[in-house]
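K.L.:
Below is my_file_14.cif; it holds mmCIF, C-alpha atoms (C1' of nucleotides).
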data_protein
loop_
_atom_site.group_PDB
_atom_site.id
_atom_site.type_symbol
_atom_site.label_atom_id
_atom_site.label_comp_id
_atom_site.auth_asym_id
_atom_site.auth_seq_id
_atom_site.Cartn_x
_atom_site.Cartn_y
_atom_site.Cartn_z
ATOM 1 C CA MET N 1 -41.731 4.701 -0.797
ATOM 2 C CA ILE N 2 -38.998 5.332 1.699
ATOM 3 C CA ARG N 3 -37.517 2.424 3.584
ATOM 4 C CA ASP N 4 -36.457 2.894 7.162
ATOM 5 C CA VAL N 5 -33.035 1.648 8.271
ATOM 6 C CA TYR N 6 -34.240 1.828 11.849
ATOM 7 C CA LEU N 7 -36.692 -1.003 11.290
ATOM 8 C CA LYS N 8 -35.344 -4.400 12.225
ATOM 9 C CA MET N 9 -36.619 -6.263 9.222
ATOM 10 C CA CYS N 10 -35.657 -3.646 6.653
ATOM 11 C CA PRO N 11 -33.148 -5.233 4.261
ATOM 12 C CA CYS N 12 -31.562 -1.870 3.573
ATOM 13 C CA ARG N 13 -29.920 -2.168 6.980
ATOM 14 C CA ASP N 14 -27.778 -4.944 5.563
ATOM 15 C CA LEU N 15 -26.776 -2.529 2.860
ATOM 16 C CA LEU N 16 -25.745 0.044 5.433
ATOM 17 C CA ASP N 17 -23.658 -2.595 7.177
ATOM 18 C CA MET N 18 -22.062 -3.502 3.873
ATOM 19 C CA VAL N 19 -20.884 -0.039 2.888
ATOM 20 C CA ALA N 20 -19.767 0.490 6.462
ATOM 21 C CA SER N 21 -17.663 -2.661 6.619
ATOM 22 C CA LYS N 22 -13.940 -2.415 7.234
ATOM 23 C CA TRP N 23 -12.422 -2.163 3.740
ATOM 24 C CA THR N 24 -15.373 -1.023 1.651
ATOM 25 C CA ALA N 25 -14.927 2.698 2.095
ATOM 26 C CA LEU N 26 -11.237 2.481 1.222
ATOM 27 C CA ALA N 27 -11.754 0.215 -1.781
ATOM 28 C CA ILE N 28 -14.469 2.370 -3.309
ATOM 29 C CA GLY N 29 -12.437 5.480 -2.633
ATOM 30 C CA ALA N 30 -9.442 3.983 -4.403
ATOM 31 C CA LEU N 31 -11.552 3.293 -7.477
ATOM 32 C CA GLU N 32 -12.854 6.851 -7.695
ATOM 33 C CA ASP N 33 -10.080 7.896 -10.057
ATOM 34 C CA GLY N 34 -10.618 5.058 -12.494
ATOM 35 C CA PRO N 35 -10.197 1.299 -12.953
ATOM 36 C CA MET N 36 -7.518 -0.488 -10.958
ATOM 37 C CA ARG N 37 -5.927 -3.914 -11.054
ATOM 38 C CA PHE N 38 -6.047 -6.268 -8.102
ATOM 39 C CA GLY N 39 -2.413 -5.750 -7.260
ATOM 40 C CA GLU N 40 -2.698 -1.996 -7.428
ATOM 41 C CA LEU N 41 -5.618 -2.064 -5.029
ATOM 42 C CA LYS N 42 -3.754 -4.361 -2.675
ATOM 43 C CA ARG N 43 -0.836 -1.947 -2.539
ATOM 44 C CA ARG N 44 -3.135 1.067 -2.146
ATOM 45 C CA LEU N 45 -5.074 -0.425 0.762
ATOM 46 C CA GLU N 46 -2.001 -0.835 2.886
ATOM 47 C CA GLY N 47 -2.408 -3.702 5.313
ATOM 48 C CA VAL N 48 -5.269 -5.504 3.632
ATOM 49 C CA SER N 49 -4.840 -9.243 3.217
ATOM 50 C CA GLN N 50 -5.373 -10.926 -0.130
ATOM 51 C CA LYS N 51 -8.312 -12.802 1.301
ATOM 52 C CA MET N 52 -10.096 -9.765 2.666
ATOM 53 C CA LEU N 53 -9.538 -7.718 -0.494
ATOM 54 C CA THR N 54 -10.913 -10.501 -2.664
ATOM 55 C CA GLN N 55 -13.879 -10.897 -0.358
ATOM 56 C CA THR N 56 -14.574 -7.167 -0.313
ATOM 57 C CA LEU N 57 -14.368 -6.858 -4.095
ATOM 58 C CA ARG N 58 -16.560 -9.932 -4.604
ATOM 59 C CA THR N 59 -19.235 -8.440 -2.367
ATOM 60 C CA LEU N 60 -19.055 -5.109 -4.172
ATOM 61 C CA GLU N 61 -19.337 -6.886 -7.511
ATOM 62 C CA ARG N 62 -22.302 -8.942 -6.345
ATOM 63 C CA ASP N 63 -24.046 -5.816 -5.085
ATOM 64 C CA GLY N 64 -23.504 -4.082 -8.400
ATOM 65 C CA LEU N 65 -21.120 -1.393 -7.148
ATOM 66 C CA VAL N 66 -18.103 -2.510 -9.197
ATOM 67 C CA THR N 67 -17.471 -4.492 -12.346
ATOM 68 C CA ARG N 68 -14.787 -7.134 -12.694
ATOM 69 C CA THR N 69 -13.110 -7.492 -16.070
ATOM 70 C CA VAL N 70 -10.676 -10.264 -16.916
ATOM 71 C CA TYR N 71 -8.102 -9.781 -19.652
ATOM 72 C CA PRO N 72 -6.896 -13.291 -20.519
ATOM 73 C CA SER N 73 -3.338 -12.178 -21.144
ATOM 74 C CA VAL N 74 -0.229 -13.670 -19.652
ATOM 75 C CA PRO N 75 0.166 -12.981 -16.890
ATOM 76 C CA LEU N 76 -3.507 -12.660 -16.034
ATOM 77 C CA ARG N 77 -4.905 -9.156 -15.767
ATOM 78 C CA VAL N 78 -8.044 -8.259 -13.807
ATOM 79 C CA GLU N 79 -9.469 -4.778 -13.526
ATOM 80 C CA TYR N 80 -12.079 -3.428 -11.165
ATOM 81 C CA GLU N 81 -14.154 -0.374 -11.959
ATOM 82 C CA LEU N 82 -16.988 1.484 -10.277
ATOM 83 C CA THR N 83 -20.440 1.195 -11.815
ATOM 84 C CA GLU N 84 -22.971 3.999 -11.948
ATOM 85 C CA LEU N 85 -24.413 2.691 -8.694
ATOM 86 C CA GLY N 86 -20.952 2.513 -7.197
ATOM 87 C CA ARG N 87 -20.213 6.102 -8.100
ATOM 88 C CA SER N 88 -23.433 7.163 -6.401
ATOM 89 C CA VAL N 89 -21.989 6.274 -3.012
ATOM 90 C CA THR N 90 -18.529 7.780 -3.406
ATOM 91 C CA GLY N 91 -19.709 11.146 -2.109
ATOM 92 C CA PRO N 92 -20.923 10.001 1.322
ATOM 93 C CA LEU N 93 -17.959 7.668 1.771
ATOM 94 C CA ALA N 94 -15.440 10.332 0.811
ATOM 95 C CA ALA N 95 -17.032 12.680 3.331
ATOM 96 C CA LEU N 96 -16.604 10.017 5.982
ATOM 97 C CA ARG N 97 -12.941 9.472 5.148
ATOM 98 C CA VAL N 98 -12.270 13.200 5.205
ATOM 99 C CA TRP N 99 -14.039 13.498 8.538
ATOM 100 C CA ALA N 100 -11.882 10.725 10.018
ATOM 101 C CA GLN N 101 -8.720 12.374 8.728
ATOM 102 C CA THR N 102 -9.532 15.865 9.919
ATOM 103 C CA ASN N 103 -11.019 14.991 13.314
ATOM 104 C CA TYR N 104 -8.571 12.415 14.536
ATOM 105 C CA GLU N 105 -6.801 14.856 16.834
ATOM 106 C CA SER N 106 -10.012 15.803 18.620
ATOM 107 C CA VAL N 107 -10.992 12.200 19.149
ATOM 108 C CA ALA N 108 -7.561 11.198 20.396
ATOM 109 C CA GLU N 109 -7.725 14.063 22.873
ATOM 110 C CA ALA N 110 -11.202 13.059 24.040
ATOM 111 C CA ARG N 111 -10.025 9.493 24.542
ATOM 112 C CA GLU N 112 -7.118 10.526 26.695
ATOM 113 C CA THR N 113 -9.332 12.713 28.840
ATOM 114 C CA PHE N 114 -11.887 9.950 29.211
ATOM 115 C CA ASP N 115 -9.348 7.286 30.087
ATOM 116 C CA ASN N 116 -7.579 9.436 32.666
ATOM 117 C CA ALA N 117 -10.860 10.361 34.334
ATOM 118 C CA GLU N 118 -11.740 6.708 34.773
ATOM 119 C CA PRO N 119 -9.840 5.629 37.907
ATOM 120 C CA VAL N 120 -12.040 2.579 38.524
ATOM 121 C CA GLY N 121 -10.625 -0.501 36.871
ATOM 122 C CA LEU N 122 -12.981 -1.055 34.000
ATOM 123 C CA GLU N 123 -10.040 -2.501 32.165
ATOM 124 C CA PRO N 124 -7.175 -4.037 34.131
ATOM 125 C CA ALA N 125 -4.769 -2.875 31.448
ATOM 126 C CA ILE N 126 -2.061 -5.070 32.916
ATOM 127 C CA SER N 127 -3.795 -8.383 33.312
ATOM 128 C CA ARG N 128 -3.332 -11.741 31.630
ATOM 129 C CA MET W 129 -0.700 18.158 8.124
ATOM 130 C CA ILE W 130 -3.004 15.796 6.301
ATOM 131 C CA ARG W 131 -3.394 12.274 7.566
ATOM 132 C CA ASP W 132 -3.980 9.472 5.112
ATOM 133 C CA VAL W 133 -6.485 6.736 5.920
ATOM 134 C CA TYR W 134 -4.817 4.595 3.286
ATOM 135 C CA LEU W 135 -1.651 4.329 5.332
ATOM 136 C CA LYS W 136 -1.479 1.270 7.512
ATOM 137 C CA MET W 137 -0.154 2.948 10.605
ATOM 138 C CA CYS W 138 -2.411 5.985 10.457
ATOM 139 C CA PRO W 139 -4.547 5.967 13.605
ATOM 140 C CA CYS W 140 -7.343 7.776 11.802
ATOM 141 C CA ARG W 141 -8.142 4.468 10.124
ATOM 142 C CA ASP W 142 -9.336 3.208 13.492
ATOM 143 C CA LEU W 143 -11.601 6.201 13.585
ATOM 144 C CA LEU W 144 -13.022 5.325 10.193
ATOM 145 C CA ASP W 145 -13.653 1.801 11.412
ATOM 146 C CA MET W 146 -15.371 3.168 14.489
ATOM 147 C CA VAL W 147 -17.894 5.405 12.738
ATOM 148 C CA ALA W 148 -18.471 2.611 10.248
ATOM 149 C CA SER W 149 -19.233 -0.024 12.861
ATOM 150 C CA LYS W 150 -22.594 -1.701 12.936
ATOM 151 C CA TRP W 151 -24.715 0.487 15.233
ATOM 152 C CA THR W 152 -22.809 3.767 15.214
ATOM 153 C CA ALA W 153 -24.515 5.352 12.223
ATOM 154 C CA LEU W 154 -27.956 4.505 13.590
ATOM 155 C CA ALA W 155 -27.178 5.673 17.121
ATOM 156 C CA ILE W 156 -25.765 9.011 16.009
ATOM 157 C CA GLY W 157 -28.644 9.498 13.613
ATOM 158 C CA ALA W 158 -31.140 8.880 16.387
ATOM 159 C CA LEU W 159 -29.504 11.567 18.518
ATOM 160 C CA GLU W 160 -29.638 14.190 15.774
ATOM 161 C CA ASP W 161 -32.986 15.528 16.984
ATOM 162 C CA GLY W 162 -31.871 15.981 20.565
ATOM 163 C CA PRO W 163 -30.977 14.080 23.764
ATOM 164 C CA MET W 164 -32.410 10.615 24.285
ATOM 165 C CA ARG W 165 -32.645 8.190 27.168
ATOM 166 C CA PHE W 166 -31.161 4.719 27.014
ATOM 167 C CA GLY W 167 -34.539 3.050 26.716
ATOM 168 C CA GLU W 168 -35.647 5.398 23.975
ATOM 169 C CA LEU W 169 -32.535 4.608 21.970
ATOM 170 C CA LYS W 170 -33.001 0.897 22.503
ATOM 171 C CA ARG W 171 -36.516 1.087 21.130
ATOM 172 C CA ARG W 172 -35.440 3.302 18.224
ATOM 173 C CA LEU W 173 -32.607 1.013 17.133
ATOM 174 C CA GLU W 174 -34.913 -1.917 16.608
ATOM 175 C CA GLY W 175 -33.105 -5.188 17.119
ATOM 176 C CA VAL W 176 -30.071 -3.886 19.014
ATOM 177 C CA SER W 177 -29.180 -5.842 22.130
ATOM 178 C CA GLN W 178 -28.693 -4.066 25.423
ATOM 179 C CA LYS W 179 -25.087 -5.109 25.440
ATOM 180 C CA MET W 180 -24.279 -3.762 21.995
ATOM 181 C CA LEU W 181 -26.103 -0.482 22.596
ATOM 182 C CA THR W 182 -24.225 0.073 25.842
ATOM 183 C CA GLN W 183 -20.953 -0.774 24.146
ATOM 184 C CA THR W 184 -21.667 1.532 21.214
ATOM 185 C CA LEU W 185 -22.636 4.435 23.448
ATOM 186 C CA ARG W 186 -19.611 3.898 25.679
ATOM 187 C CA THR W 187 -17.307 4.051 22.681
ATOM 188 C CA LEU W 188 -18.994 7.171 21.359
ATOM 189 C CA GLU W 189 -18.696 8.782 24.784
ATOM 190 C CA ARG W 190 -15.040 7.864 25.044
ATOM 191 C CA ASP W 191 -14.347 9.307 21.617
ATOM 192 C CA GLY W 192 -16.064 12.545 22.540
ATOM 193 C CA LEU W 193 -18.992 12.239 20.134
ATOM 194 C CA VAL W 194 -21.690 12.041 22.794
ATOM 195 C CA THR W 195 -22.112 13.059 26.412
ATOM 196 C CA ARG W 196 -23.670 10.851 29.047
ATOM 197 C CA THR W 197 -25.635 12.572 31.788
ATOM 198 C CA VAL W 198 -26.985 10.764 34.831
ATOM 199 C CA TYR W 199 -29.962 12.175 36.716
ATOM 200 C CA PRO W 200 -29.946 10.453 40.130
ATOM 201 C CA SER W 201 -33.720 10.251 40.318
ATOM 202 C CA VAL W 202 -35.740 7.158 41.047
ATOM 203 C CA PRO W 203 -35.871 5.358 38.830
ATOM 204 C CA LEU W 204 -32.509 6.227 37.379
ATOM 205 C CA ARG W 205 -32.463 8.462 34.339
ATOM 206 C CA VAL W 206 -29.594 8.626 31.855
ATOM 207 C CA GLU W 207 -29.512 10.863 28.826
ATOM 208 C CA TYR W 208 -27.210 10.787 25.817
ATOM 209 C CA GLU W 209 -26.577 13.843 23.679
ATOM 210 C CA LEU W 210 -24.383 14.654 20.698
ATOM 211 C CA THR W 211 -21.388 16.903 21.301
ATOM 212 C CA GLU W 212 -20.115 19.487 18.848
ATOM 213 C CA LEU W 213 -17.749 16.859 17.478
ATOM 214 C CA GLY W 214 -20.578 14.375 17.265
ATOM 215 C CA ARG W 215 -22.742 16.760 15.294
ATOM 216 C CA SER W 216 -19.885 17.275 12.844
ATOM 217 C CA VAL W 217 -20.273 13.714 11.604
ATOM 218 C CA THR W 218 -24.051 13.580 11.321
ATOM 219 C CA GLY W 219 -23.983 14.897 7.776
ATOM 220 C CA PRO W 220 -21.848 12.154 6.226
ATOM 221 C CA LEU W 221 -23.612 9.436 8.205
ATOM 222 C CA ALA W 222 -27.055 10.700 7.267
ATOM 223 C CA ALA W 223 -26.027 10.703 3.619
ATOM 224 C CA LEU W 224 -24.966 7.089 3.991
ATOM 225 C CA ARG W 225 -28.266 6.075 5.592
ATOM 226 C CA VAL W 226 -30.238 7.840 2.890
ATOM 227 C CA TRP W 227 -28.145 6.163 0.211
ATOM 228 C CA ALA W 228 -28.829 2.744 1.729
ATOM 229 C CA GLN W 229 -32.541 3.445 1.879
ATOM 230 C CA THR W 230 -32.872 4.790 -1.652
ATOM 231 C CA ASN W 231 -30.593 2.312 -3.413
ATOM 232 C CA TYR W 232 -31.673 -0.925 -1.841
ATOM 233 C CA GLU W 233 -33.792 -1.935 -4.813
ATOM 234 C CA SER W 234 -30.898 -1.572 -7.243
ATOM 235 C CA VAL W 235 -28.582 -3.597 -5.056
ATOM 236 C CA ALA W 236 -31.143 -6.345 -4.494
ATOM 237 C CA GLU W 237 -31.616 -6.553 -8.242
ATOM 238 C CA ALA W 238 -27.878 -6.713 -8.884
ATOM 239 C CA ARG W 239 -27.540 -9.490 -6.318
ATOM 240 C CA GLU W 240 -30.204 -11.595 -7.946
ATOM 241 C CA THR W 241 -28.632 -11.172 -11.367
ATOM 242 C CA PHE W 242 -25.203 -12.040 -10.007
ATOM 243 C CA ASP W 243 -26.390 -15.100 -8.101
ATOM 244 C CA ASN W 244 -28.343 -16.479 -11.047
ATOM 245 C CA ALA W 245 -25.434 -15.988 -13.409
ATOM 246 C CA GLU W 246 -23.048 -17.839 -11.074
ATOM 247 C CA PRO W 247 -24.125 -21.511 -11.063
ATOM 248 C CA VAL W 248 -20.349 -22.033 -11.110
ATOM 249 C CA GLY W 249 -18.464 -24.347 -13.402
ATOM 250 C CA LEU W 250 -20.821 -23.983 -16.323
ATOM 251 C CA GLU W 251 -18.777 -21.389 -18.148
ATOM 252 C CA PRO W 252 -16.129 -23.102 -20.269
ATOM 253 C CA ALA W 253 -14.202 -20.151 -21.724
ATOM 254 C CA ILE W 254 -14.888 -17.181 -19.496
ATOM 255 C CA SER W 255 -15.024 -18.842 -16.132
ATOM 256 C CA ARG W 256 -13.752 -17.521 -12.852
ATOM 257 C "C1'" DC T 257 -0.790 -12.076 -11.494
ATOM 258 C "C1'" DT T 258 -5.114 -13.275 -9.381
ATOM 259 C "C1'" DG T 259 -7.209 -15.774 -7.009
ATOM 260 C "C1'" DA T 260 -9.388 -20.316 -4.242
ATOM 261 C "C1'" DA T 261 -8.966 -23.254 -0.308
ATOM 262 C "C1'" DT T 262 -7.398 -24.434 4.524
ATOM 263 C "C1'" DC T 263 -6.141 -23.916 9.058
ATOM 264 C "C1'" DC T 264 -6.802 -21.460 13.130
ATOM 265 C "C1'" DC T 265 -7.682 -18.176 16.499
ATOM 266 C "C1'" DT T 266 -9.765 -13.822 18.025
ATOM 267 C "C1'" DC T 267 -13.610 -11.263 19.206
ATOM 268 C "C1'" DC T 268 -18.299 -9.843 17.848
ATOM 269 C "C1'" DG T 269 -22.577 -10.149 19.533
ATOM 270 C "C1'" DG T 270 -26.890 -12.623 21.376
ATOM 271 C "C1'" DA T 271 -29.040 -14.793 25.544
ATOM 272 C "C1'" DT T 272 -29.395 -14.853 30.256
ATOM 273 C "C1'" DA T 273 -28.910 -13.619 35.077
ATOM 274 C "C1'" DC T 274 -27.856 -10.230 38.609
ATOM 275 C "C1'" DT T 275 -27.248 -5.209 40.820
ATOM 276 C "C1'" DG T 276 -28.132 -0.216 42.335
ATOM 277 C "C1'" DC V 277 -34.449 2.125 34.422
ATOM 278 C "C1'" DA V 278 -29.771 1.390 33.195
ATOM 279 C "C1'" DG V 279 -26.593 -0.975 33.419
ATOM 280 C "C1'" DT V 280 -22.561 -5.109 34.619
ATOM 281 C "C1'" DA V 281 -21.119 -9.975 34.302
ATOM 282 C "C1'" DT V 282 -20.813 -14.559 32.024
ATOM 283 C "C1'" DC V 283 -21.352 -18.077 28.842
ATOM 284 C "C1'" DC V 284 -20.830 -19.434 24.203
ATOM 285 C "C1'" DG V 285 -21.595 -20.226 19.117
ATOM 286 C "C1'" DG V 286 -20.247 -18.304 14.884
ATOM 287 C "C1'" DA V 287 -18.459 -14.901 11.901
ATOM 288 C "C1'" DG V 288 -14.181 -12.112 10.883
ATOM 289 C "C1'" DG V 289 -9.835 -12.044 9.383
ATOM 290 C "C1'" DG V 290 -4.549 -13.427 9.121
ATOM 291 C "C1'" DA V 291 -1.087 -16.800 7.285
ATOM 292 C "C1'" DT V 292 -0.074 -20.263 4.256
ATOM 293 C "C1'" DT V 293 -0.535 -23.315 0.400
ATOM 294 C "C1'" DC V 294 -2.148 -24.640 -4.141
ATOM 295 C "C1'" DA V 295 -3.955 -23.542 -8.988
ATOM 296 C "C1'" DG V 296 -5.113 -21.337 -13.713
#
Could you quickly redo this structure as structure tokens?
P.N.:
Amino acid sequence: MIRDVYLKMCPCRDLLDMVASKWTALAIGALEDGPMRFGELKRRLEGVSQKMLTQTLRTLERDGLVTRTVYPSVPLRVEYELTELGRSVTGPLAALRVWAQTNYESVAEARETFDNAEPVGLEPAISR
Amino acid sequence: MIRDVYLKMCPCRDLLDMVASKWTALAIGALEDGPMRFGELKRRLEGVSQKMLTQTLRTLERDGLVTRTVYPSVPLRVEYELTELGRSVTGPLAALRVWAQTNYESVAEARETFDNAEPVGLEPAISR
DNA sequence: CTGAATCCCTCCGGATACTG
DNA sequence: CAGTATCCGGAGGGATTCAG
């Protein structure tokens, strides 16, 4: 039985939203090469706040994409690692990251063209 | 020159956020089979509001992923179609949609397990 | 070191009404 | 039919503080 993300009530749409959320693709990508500590992840995902990283990892753990292991040493040590399920989505997400990296120029160019061809003030640009 | 989505200042991260936003994957997927009118898209993306669909399509147009063609008939007719650049991202996005559809069961199961095992405060030694 | 808990403000996004 | 324009509640997300 195939579920259809185009159907309103299909719960798998939530799942699509989840993997597509802001930091998910980067977090999962960072874990591709093996387990990482919280601090390592925070440094890798440049610009992420502690709150958002924690929230992202908690969601991934709840959804069964990563495991969270606590080593009760001093200082505390927590490692995150992809599960089997988590590894199953690394392919599509990696493809998306690569696409963003390789096609940025084209998009930037398209934006400039679009914005210059839009004389009518859709956006005041110098308001406030 | 390779751009790195993990770098804070890299503009391609915005691009990653864009293709990962709520309705983008569904909209682009709907256009894979050919041009569609606004109303057709609205019906296909069950549950999308008119405002969000317009906003999504406008962003995609601005970024050069889709073209918007107006046929000044009565009533008005507007068609959206993927560009070359737009078609270049259909693969990764389709893979993501398929993943969401095929792995929903596993995730739902993981969620239930996680939620039941987290009554909070009951674990004495290995708590969070 | 790894969080949880607050405060606080922006902006997403739905509902509704109006236009060409 | 295909939008634009508002209003507005609530989620998203940053900064800061406290705790194990």
K.L.:
RMSD over all C-alpha atoms, chain W superposed on chain N in order?
P.N.:
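Per the least-squares fit, the RMSD is 4.5 Å.
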K.L.:
Record the distance separating atom CA of W:Asn231 and atom CA of N:Glu61, expressed in Å with one decimal.
P.N.:
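These atoms are spaced 15.1 Å apart.
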K.L.:
Please determine an axis-aligned box that encloses all atoms of stretch 259-271 of chain T listed in the file, with 8 Å added on each side, and express its centre and edge lengths in Å to one decimal as AutoDock Vina command-line options.
P.N.:
--center_x -17.6 --center_y -17.1 --center_z 9.3 --size_x 38.9 --size_y 30.6 --size_z 48.6
K.L.:
Can you build me a table of chain N residues sitting at most 12 Å from chain T, with the closest atom pair per residue and its distance in Å to one decimal, using all atoms listed in the file, sorted by chain and residue number, as a Markdown table?
P.N.:
| residue | atom | partner | partner_atom | distance |
| --- | --- | --- | --- | --- |
| N:Arg37 | CA | T:DT258 | C1' | 9.5 |
| N:Phe38 | CA | T:DT258 | C1' | 7.2 |
| N:Gly39 | CA | T:DC257 | C1' | 7.8 |
| N:Glu40 | CA | T:DC257 | C1' | 11.0 |
| N:Lys42 | CA | T:DT258 | C1' | 11.2 |
| N:Gln50 | CA | T:DG259 | C1' | 8.6 |
| N:Lys51 | CA | T:DG259 | C1' | 8.9 |
| N:Met52 | CA | T:DG259 | C1' | 11.7 |
| N:Leu53 | CA | T:DG259 | C1' | 10.6 |
| N:Thr54 | CA | T:DG259 | C1' | 7.8 |
| N:Gln55 | CA | T:DG259 | C1' | 10.6 |
| N:Leu57 | CA | T:DG259 | C1' | 11.8 |
| N:Arg58 | CA | T:DG259 | C1' | 11.3 |
| N:Arg68 | CA | T:DT258 | C1' | 11.9 |
| N:Thr69 | CA | T:DT258 | C1' | 11.9 |
| N:Val70 | CA | T:DT258 | C1' | 9.8 |
| N:Tyr71 | CA | T:DC257 | C1' | 11.2 |
| N:Pro72 | CA | T:DC257 | C1' | 11.0 |
| N:Ser73 | CA | T:DC257 | C1' | 10.0 |
| N:Val74 | CA | T:DC257 | C1' | 8.3 |
| N:Pro75 | CA | T:DC257 | C1' | 5.6 |
| N:Leu76 | CA | T:DC257 | C1' | 5.3 |
| N:Arg77 | CA | T:DC257 | C1' | 6.6 |
| N:Val78 | CA | T:DT258 | C1' | 7.3 |
| N:Glu79 | CA | T:DT258 | C1' | 10.4 |
K.L.:
Should the cut-off be 8 Å, what would the residue list for chain N against chain W look like, counting only C-alpha atoms, as a VMD selection string?
P.N.:
chain N and resid 2 to 8 11 to 13 15 to 17 20 to 22 26 44 to 47 62 to 64 85 89 92 to 93 95 to 97 99 to 102 104 106 to 108 110 to 111 114 to 115
K.L.:
Got a sec to resolve the PyMOL selection byres ((chain V) within 12 of (chain N)) on this structure and send the residues as a list in words?
P.N.:
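Taken on the displayed file, the PyMOL selection byres ((chain V) within 12 of (chain N)) yields the residues DT280, DG288, DG289, DG290, DA291, DT292 and DG296 of chain V.
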K.L.:
Separation of atom CA of W:Thr195 and atom CA of W:Glu212, in Å?
P.N.:
10.1 Å
K.L.:
Filtering to N, CA, C and O atoms (P, O5', C5', C4', C3', O3' and C1' of nucleotides), could stretch 258-271 of chain T of the supplied structure be written out as a tab-separated table (two decimals), in the first residue's frame?
P.N.:
chain	number	residue	atom	x	y	z
T	258	DT	P	29.05	18.05	24.57
T	258	DT	O5'	27.65	18.05	25.33
T	258	DT	C5'	27.27	16.91	26.09
T	258	DT	C4'	25.90	17.11	26.70
T	258	DT	C3'	24.82	17.53	25.71
T	258	DT	O3'	23.62	16.84	26.01
T	258	DT	C1'	24.89	19.05	27.47
T	259	DG	P	22.49	16.72	24.88
T	259	DG	O5'	21.98	18.22	24.74
T	259	DG	C5'	20.65	18.51	25.05
T	259	DG	C4'	20.52	18.77	26.53
T	259	DG	C3'	19.23	19.49	26.86
T	259	DG	O3'	18.32	18.60	27.44
T	259	DG	C1'	21.14	20.41	28.04
T	260	DA	P	16.79	18.77	27.05
T	260	DA	O5'	16.13	19.56	28.25
T	260	DA	C5'	16.41	19.19	29.60
T	260	DA	C4'	15.94	20.30	30.53
T	260	DA	C3'	14.60	20.91	30.14
T	260	DA	O3'	13.85	21.15	31.33
T	260	DA	C1'	16.26	22.60	30.15
T	261	DA	P	12.33	21.64	31.25
T	261	DA	O5'	12.46	23.20	31.51
T	261	DA	C5'	13.29	23.68	32.57
T	261	DA	C4'	13.20	25.20	32.63
T	261	DA	C3'	11.87	25.76	32.14
T	261	DA	O3'	11.46	26.82	33.00
T	261	DA	C1'	13.65	26.71	30.91
T	262	DT	P	9.88	27.29	33.01
T	262	DT	O5'	10.02	28.84	32.65
T	262	DT	C5'	10.99	29.22	31.69
T	262	DT	C4'	11.38	30.67	31.89
T	262	DT	C3'	10.33	31.62	31.29
T	262	DT	O3'	10.27	32.83	32.06
T	262	DT	C1'	12.35	31.68	30.00
T	263	DC	P	9.05	33.88	31.71
T	263	DC	O5'	9.77	34.92	30.75
T	263	DC	C5'	11.02	35.48	31.14
T	263	DC	C4'	11.59	36.30	29.98
T	263	DC	C3'	10.53	37.15	29.26
T	263	DC	O3'	11.04	38.46	29.04
T	263	DC	C1'	11.66	35.76	27.71
T	264	DC	P	10.01	39.64	28.58
T	264	DC	O5'	10.25	39.70	27.01
T	264	DC	C5'	11.57	39.48	26.49
T	264	DC	C4'	11.52	39.39	24.97
T	264	DC	C3'	10.29	40.07	24.35
T	264	DC	O3'	10.71	40.85	23.25
T	264	DC	C1'	10.49	37.86	23.55
T	265	DC	P	9.79	42.11	22.76
T	265	DC	O5'	10.13	42.17	21.20
T	265	DC	C5'	11.39	41.69	20.73
T	265	DC	C4'	11.21	40.81	19.52
T	265	DC	C3'	10.17	41.33	18.52
T	265	DC	O3'	10.74	41.28	17.23
T	265	DC	C1'	9.80	39.06	18.97
T	266	DT	P	10.21	42.33	16.12
T	266	DT	O5'	10.38	41.46	14.81
T	266	DT	C5'	11.54	40.63	14.67
T	266	DT	C4'	11.17	39.33	13.99
T	266	DT	C3'	10.38	39.51	12.69
T	266	DT	O3'	11.11	38.90	11.64
T	266	DT	C1'	9.40	37.85	14.07
T	267	DC	P	10.71	39.21	10.12
T	267	DC	O5'	9.82	37.94	9.75
T	267	DC	C5'	10.30	36.64	10.06
T	267	DC	C4'	9.19	35.64	9.90
T	267	DC	C3'	8.35	35.85	8.63
T	267	DC	O3'	7.93	34.57	8.19
T	267	DC	C1'	6.96	35.88	10.48
T	268	DC	P	7.88	34.20	6.65
T	268	DC	O5'	7.26	32.73	6.74
T	268	DC	C5'	7.73	31.82	7.73
T	268	DC	C4'	6.57	31.04	8.31
T	268	DC	C3'	5.60	30.52	7.26
T	268	DC	O3'	5.28	29.17	7.57
T	268	DC	C1'	4.43	31.78	8.87
T	269	DG	P	4.73	28.23	6.36
T	269	DG	O5'	3.16	28.39	6.55
T	269	DG	C5'	2.59	28.19	7.82
T	269	DG	C4'	1.18	28.75	7.89
T	269	DG	C3'	0.36	28.59	6.59
T	269	DG	O3'	-0.91	28.10	6.96
T	269	DG	C1'	0.18	30.76	7.40
T	270	DG	P	-1.81	27.29	5.85
T	270	DG	O5'	-3.30	27.49	6.40
T	270	DG	C5'	-3.59	27.28	7.78
T	270	DG	C4'	-4.71	28.20	8.22
T	270	DG	C3'	-5.90	28.24	7.25
T	270	DG	O3'	-7.12	28.07	7.97
T	270	DG	C1'	-5.10	30.44	7.70
T	271	DA	P	-8.51	27.98	7.17
T	271	DA	O5'	-9.13	29.42	7.39
T	271	DA	C5'	-9.08	30.02	8.69
T	271	DA	C4'	-9.87	31.33	8.66
T	271	DA	C3'	-11.05	31.34	7.69
T	271	DA	O3'	-12.17	31.97	8.30
T	271	DA	C1'	-9.52	33.07	7.13
